[in-house]
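Visitor: coords00.csv is the file, holding CSV, C-alpha atoms:
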chain,number,residue,atom,x,y,z
A,1,MET,CA,119.0,-62.6,141.8
A,2,THR,CA,115.4,-62.9,140.8
A,3,TYR,CA,111.8,-63.1,141.9
A,4,VAL,CA,110.2,-66.5,142.4
A,5,ILE,CA,106.5,-67.6,142.1
A,6,GLY,CA,105.6,-70.3,144.7
A,7,LEU,CA,102.8,-72.6,145.7
A,8,PRO,CA,100.1,-70.0,146.3
A,9,CYS,CA,99.9,-69.4,142.5
A,10,VAL,CA,99.3,-73.0,141.6
A,11,ASP,CA,95.8,-73.4,140.1
A,12,VAL,CA,95.1,-69.7,140.6
A,13,MET,CA,97.2,-67.9,138.0
A,14,ASP,CA,95.6,-64.5,138.5
A,15,ARG,CA,98.0,-62.9,135.9
A,16,ALA,CA,98.0,-59.4,137.6
A,17,CYS,CA,101.8,-59.9,137.8
A,18,VAL,CA,102.0,-60.6,134.0
A,19,GLU,CA,100.2,-57.3,133.3
A,20,GLU,CA,102.5,-55.4,135.6
A,21,CYS,CA,105.8,-56.9,134.4
A,22,PRO,CA,107.7,-54.3,132.3
A,23,VAL,CA,110.0,-56.9,130.7
A,24,ASP,CA,107.5,-59.7,129.9
A,25,CYS,CA,109.4,-62.3,131.8
A,26,ILE,CA,106.5,-64.1,133.5
A,27,TYR,CA,105.7,-67.3,131.6
A,28,GLU,CA,102.5,-69.4,131.8
A,29,GLY,CA,102.7,-73.1,132.6
A,30,ALA,CA,99.7,-75.4,132.8
A,31,ARG,CA,98.9,-74.7,136.4
A,32,THR,CA,101.2,-71.9,137.5
A,33,LEU,CA,103.3,-69.0,136.4
A,34,TYR,CA,107.1,-68.9,136.3
A,35,ILE,CA,109.5,-66.0,136.3
A,36,HIS,CA,112.5,-66.3,133.9
A,37,PRO,CA,115.6,-65.7,136.1
A,38,ASP,CA,117.7,-64.3,133.3
A,39,GLU,CA,115.0,-62.0,131.9
A,40,CYS,CA,113.8,-60.6,135.2
A,41,VAL,CA,115.3,-57.2,136.0
A,42,ASP,CA,114.4,-57.4,139.7
A,43,CYS,CA,112.2,-54.4,139.5
A,44,GLY,CA,109.7,-55.9,142.0
A,45,ALA,CA,106.6,-54.6,140.2
A,46,CYS,CA,105.1,-58.1,140.2
A,47,GLU,CA,105.2,-58.7,144.0
A,48,PRO,CA,102.7,-56.2,145.3
A,49,VAL,CA,100.0,-56.9,142.7
A,50,CYS,CA,99.9,-60.6,143.4
A,51,PRO,CA,96.5,-61.2,145.2
A,52,VAL,CA,97.7,-64.5,146.7
A,53,ASP,CA,101.1,-63.5,147.9
A,54,ALA,CA,102.9,-66.0,145.8
A,55,ILE,CA,105.8,-63.9,144.6
A,56,TYR,CA,109.0,-63.4,146.6
A,57,TYR,CA,112.4,-62.0,146.1
A,58,GLU,CA,114.6,-65.2,146.1
A,59,ASP,CA,116.5,-64.1,149.3
A,60,ASP,CA,113.1,-63.6,151.0
A,61,LEU,CA,111.5,-66.9,150.2
A,62,PRO,CA,109.9,-68.5,153.2
A,63,GLU,CA,111.5,-71.9,154.0
A,64,PRO,CA,108.5,-74.0,152.8
A,65,LEU,CA,108.7,-72.3,149.4
A,66,ARG,CA,112.5,-72.7,149.0
A,67,PRO,CA,112.0,-75.7,146.6
A,68,TYR,CA,110.3,-73.3,144.1
A,69,LEU,CA,113.6,-71.4,143.5
A,70,ALA,CA,115.2,-74.4,141.8
A,71,ASP,CA,111.9,-75.4,140.3
A,72,ASN,CA,111.5,-72.0,138.7
A,73,ASP,CA,115.0,-72.4,137.1
A,74,ARG,CA,114.1,-76.0,136.0
A,75,PHE,CA,111.1,-74.7,134.0
A,76,PHE,CA,113.4,-72.9,131.7
A,77,ALA,CA,116.6,-75.0,131.9
A,78,GLU,CA,115.4,-78.6,131.4
A,79,PRO,CA,113.2,-80.4,128.9
A,80,LEU,CA,109.8,-81.1,130.5
A,81,PRO,CA,107.1,-83.6,129.7
A,82,GLY,CA,105.7,-82.5,126.4
A,83,ARG,CA,108.8,-80.5,125.4
A,84,ASP,CA,111.7,-82.0,123.5
A,85,ALA,CA,114.2,-79.4,124.6
A,86,ALA,CA,114.7,-76.8,127.3
A,87,LEU,CA,112.7,-73.6,126.9
A,88,GLY,CA,115.8,-71.5,127.4
A,89,SER,CA,115.3,-67.8,127.0
A,90,PRO,CA,112.6,-67.2,124.4
A,91,GLY,CA,112.8,-63.4,124.9
A,92,GLY,CA,109.2,-62.7,126.0
A,93,ALA,CA,106.3,-64.5,127.5
A,94,ALA,CA,103.6,-62.8,125.3
A,95,ARG,CA,105.3,-63.9,122.1
A,96,LEU,CA,105.5,-67.5,123.3
A,97,GLY,CA,102.1,-67.8,124.9
A,98,PRO,CA,100.9,-70.4,127.4
A,99,THR,CA,103.3,-73.4,127.4
A,100,GLY,CA,100.8,-76.0,128.7
A,101,VAL,CA,103.4,-77.8,130.8
A,102,ASP,CA,104.7,-77.6,134.3
A,103,THR,CA,107.7,-78.9,136.2
A,104,GLU,CA,107.3,-82.2,138.0
A,105,LEU,CA,107.0,-80.4,141.4
A,106,VAL,CA,103.9,-78.5,140.2
A,107,ALA,CA,102.4,-81.2,138.0
A,108,GLY,CA,102.5,-83.6,140.9
A,109,LEU,CA,100.6,-81.4,143.3
A,110,PRO,CA,97.0,-82.1,144.2
A,111,PRO,CA,94.5,-79.4,143.1
A,112,GLN,CA,95.3,-76.2,145.1
A,113,GLY,CA,92.7,-73.6,144.5
A,114,GLN,CA,90.1,-72.2,142.2
A,115,GLY,CA,91.8,-72.1,138.8
Translate the structure described by the file into structure tokens.

Guide:
Amino acid sequence: MTYVIGLPCVDVMDRACVEECPVDCIYEGARTLYIHPDECVDCGACEPVCPVDAIYYEDDLPEPLRPYLADNDRFFAEPLPGRDAALGSPGGAARLGPTGVDTELVAGLPPQGQG
């Protein structure tokens, strides 16, 4: 089980969750943030600090945000445009830095907010 970041984060990326995460498992794409499902320890520290209510425990995802569960996994498990290989488990978002890429779901969205 893991936490998932959904649509409300797209083009906002406040990063309060990144600062709160004790295991550095929230990675930065081009337009949104992604929680690594294998690195997340399910502590829930990220959820209450999100100013746009974009973070949910996977079992609590509202139906309209359900596609973001698989999409979050895809960010780490599959090669994305601009990446030759899957990201995998790099062992910490701060060390990796911004990736500059997003999944097709996120990349294909129209502008969402003030980013």

Visitor: Could the residues of region 22-56 of chain A that have an atom at most 9 Å from region 63-77 of chain A be listed as a tab-separated table, each with its closest atom pair and the distance in Å to one decimal, counting all atoms listed in the file and ordered by chain and ascending residue number?

Guide:
residue	atom	partner	partner_atom	distance
A:Gly29	CA	A:Phe75	CA	8.7
A:Tyr34	CA	A:Asn72	CA	5.9
A:Ile35	CA	A:Asn72	CA	6.8
A:His36	CA	A:Phe76	CA	7.0
A:Pro37	CA	A:Asp73	CA	6.8

Visitor: Near Thr99 (chain A), within 12 Å and counting only C-alpha atoms, which residues show up once chain neighbours fewer than 3 positions away are dropped, as an MDAnalysis selection string?

Guide: chainID A and resid 26:34 75:76 80:83 86:87 90 93:96 102:103

Visitor: For the residues selected in the previous step, produce a file with C-alpha atoms as a PDB file, in the frame of the given file.

Guide:
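So result.pdb came out as:
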ATOM      1  CA  ILE A  26     106.500 -64.100 133.500  1.00  0.00           C
ATOM      2  CA  TYR A  27     105.700 -67.300 131.600  1.00  0.00           C
ATOM      3  CA  GLU A  28     102.500 -69.400 131.800  1.00  0.00           C
ATOM      4  CA  GLY A  29     102.700 -73.100 132.600  1.00  0.00           C
ATOM      5  CA  ALA A  30      99.700 -75.400 132.800  1.00  0.00           C
ATOM      6  CA  ARG A  31      98.900 -74.700 136.400  1.00  0.00           C
ATOM      7  CA  THR A  32     101.200 -71.900 137.500  1.00  0.00           C
ATOM      8  CA  LEU A  33     103.300 -69.000 136.400  1.00  0.00           C
ATOM      9  CA  TYR A  34     107.100 -68.900 136.300  1.00  0.00           C
ATOM     10  CA  PHE A  75     111.100 -74.700 134.000  1.00  0.00           C
ATOM     11  CA  PHE A  76     113.400 -72.900 131.700  1.00  0.00           C
ATOM     12  CA  LEU A  80     109.800 -81.100 130.500  1.00  0.00           C
ATOM     13  CA  PRO A  81     107.100 -83.600 129.700  1.00  0.00           C
ATOM     14  CA  GLY A  82     105.700 -82.500 126.400  1.00  0.00           C
ATOM     15  CA  ARG A  83     108.800 -80.500 125.400  1.00  0.00           C
ATOM     16  CA  ALA A  86     114.700 -76.800 127.300  1.00  0.00           C
ATOM     17  CA  LEU A  87     112.700 -73.600 126.900  1.00  0.00           C
ATOM     18  CA  PRO A  90     112.600 -67.200 124.400  1.00  0.00           C
ATOM     19  CA  ALA A  93     106.300 -64.500 127.500  1.00  0.00           C
ATOM     20  CA  ALA A  94     103.600 -62.800 125.300  1.00  0.00           C
ATOM     21  CA  ARG A  95     105.300 -63.900 122.100  1.00  0.00           C
ATOM     22  CA  LEU A  96     105.500 -67.500 123.300  1.00  0.00           C
ATOM     23  CA  ASP A 102     104.700 -77.600 134.300  1.00  0.00           C
ATOM     24  CA  THR A 103     107.700 -78.900 136.200  1.00  0.00           C
TER      25      THR A 103
END

Visitor: Nearest to Asp24 (chain A) among A:Ala107, A:Val52, A:Ala45, A:Leu7, with distances taken over all atoms listed in the file: which residue is it?

Guide: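 Residue with the minimum atom-to-atom distance to Asp24 (chain A): A:Ala45.
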
Visitor: For CA of Gln112 (chain A) and CA of Cys46 (chain A), determine how far apart the two atoms are, in Å to one decimal place.

Guide: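 These atoms are spaced 21.2 Å apart.
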
Visitor: Please measure the separation of CA of Val41 (chain A) and CA of Arg15 (chain A), giving the value in Å to one decimal.

Guide: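 Taking CA of Val41 (chain A) as the start and CA of Arg15 (chain A) as the end point, the length is 18.2 Å.
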
Visitor: Between CA of Glu39 (chain A) and CA of Gly108 (chain A), measure the distance and give it in Å to one decimal.

Guide: 26.5 Å

Visitor: Within 12 Å of (101.9, -62.3, 147.6) in the file's own coordinates, which protein, DNA or RNA residues have an atom, counting only C-alpha atoms? List them as an mmCIF file with C-alpha atoms, in the coordinates of the input.

Guide:
data_model
loop_
_atom_site.group_PDB
_atom_site.id
_atom_site.type_symbol
_atom_site.label_atom_id
_atom_site.label_comp_id
_atom_site.auth_asym_id
_atom_site.auth_seq_id
_atom_site.Cartn_x
_atom_site.Cartn_y
_atom_site.Cartn_z
ATOM 1 C CA TYR A 3 111.800 -63.100 141.900
ATOM 2 C CA VAL A 4 110.200 -66.500 142.400
ATOM 3 C CA ILE A 5 106.500 -67.600 142.100
ATOM 4 C CA GLY A 6 105.600 -70.300 144.700
ATOM 5 C CA LEU A 7 102.800 -72.600 145.700
ATOM 6 C CA PRO A 8 100.100 -70.000 146.300
ATOM 7 C CA CYS A 9 99.900 -69.400 142.500
ATOM 8 C CA ASP A 14 95.600 -64.500 138.500
ATOM 9 C CA ALA A 16 98.000 -59.400 137.600
ATOM 10 C CA CYS A 17 101.800 -59.900 137.800
ATOM 11 C CA GLY A 44 109.700 -55.900 142.000
ATOM 12 C CA ALA A 45 106.600 -54.600 140.200
ATOM 13 C CA CYS A 46 105.100 -58.100 140.200
ATOM 14 C CA GLU A 47 105.200 -58.700 144.000
ATOM 15 C CA PRO A 48 102.700 -56.200 145.300
ATOM 16 C CA VAL A 49 100.000 -56.900 142.700
ATOM 17 C CA CYS A 50 99.900 -60.600 143.400
ATOM 18 C CA PRO A 51 96.500 -61.200 145.200
ATOM 19 C CA VAL A 52 97.700 -64.500 146.700
ATOM 20 C CA ASP A 53 101.100 -63.500 147.900
ATOM 21 C CA ALA A 54 102.900 -66.000 145.800
ATOM 22 C CA ILE A 55 105.800 -63.900 144.600
ATOM 23 C CA TYR A 56 109.000 -63.400 146.600
ATOM 24 C CA TYR A 57 112.400 -62.000 146.100
ATOM 25 C CA ASP A 60 113.100 -63.600 151.000
ATOM 26 C CA LEU A 61 111.500 -66.900 150.200
ATOM 27 C CA PRO A 62 109.900 -68.500 153.200
#

Visitor: Considering only C-alpha atoms, can you say which of A:Met1, A:Leu109, A:Ala85, A:Cys40 comes closest to Pro22 (chain A)?

Guide: A:Cys40

Visitor: Pick from A:Gly100, A:Gly92, A:Pro110, A:Pro79: nearest to Val18 (chain A), with all atoms listed in the file counted?

Guide: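 Smallest distance to Val18 (chain A) is found for A:Gly92.
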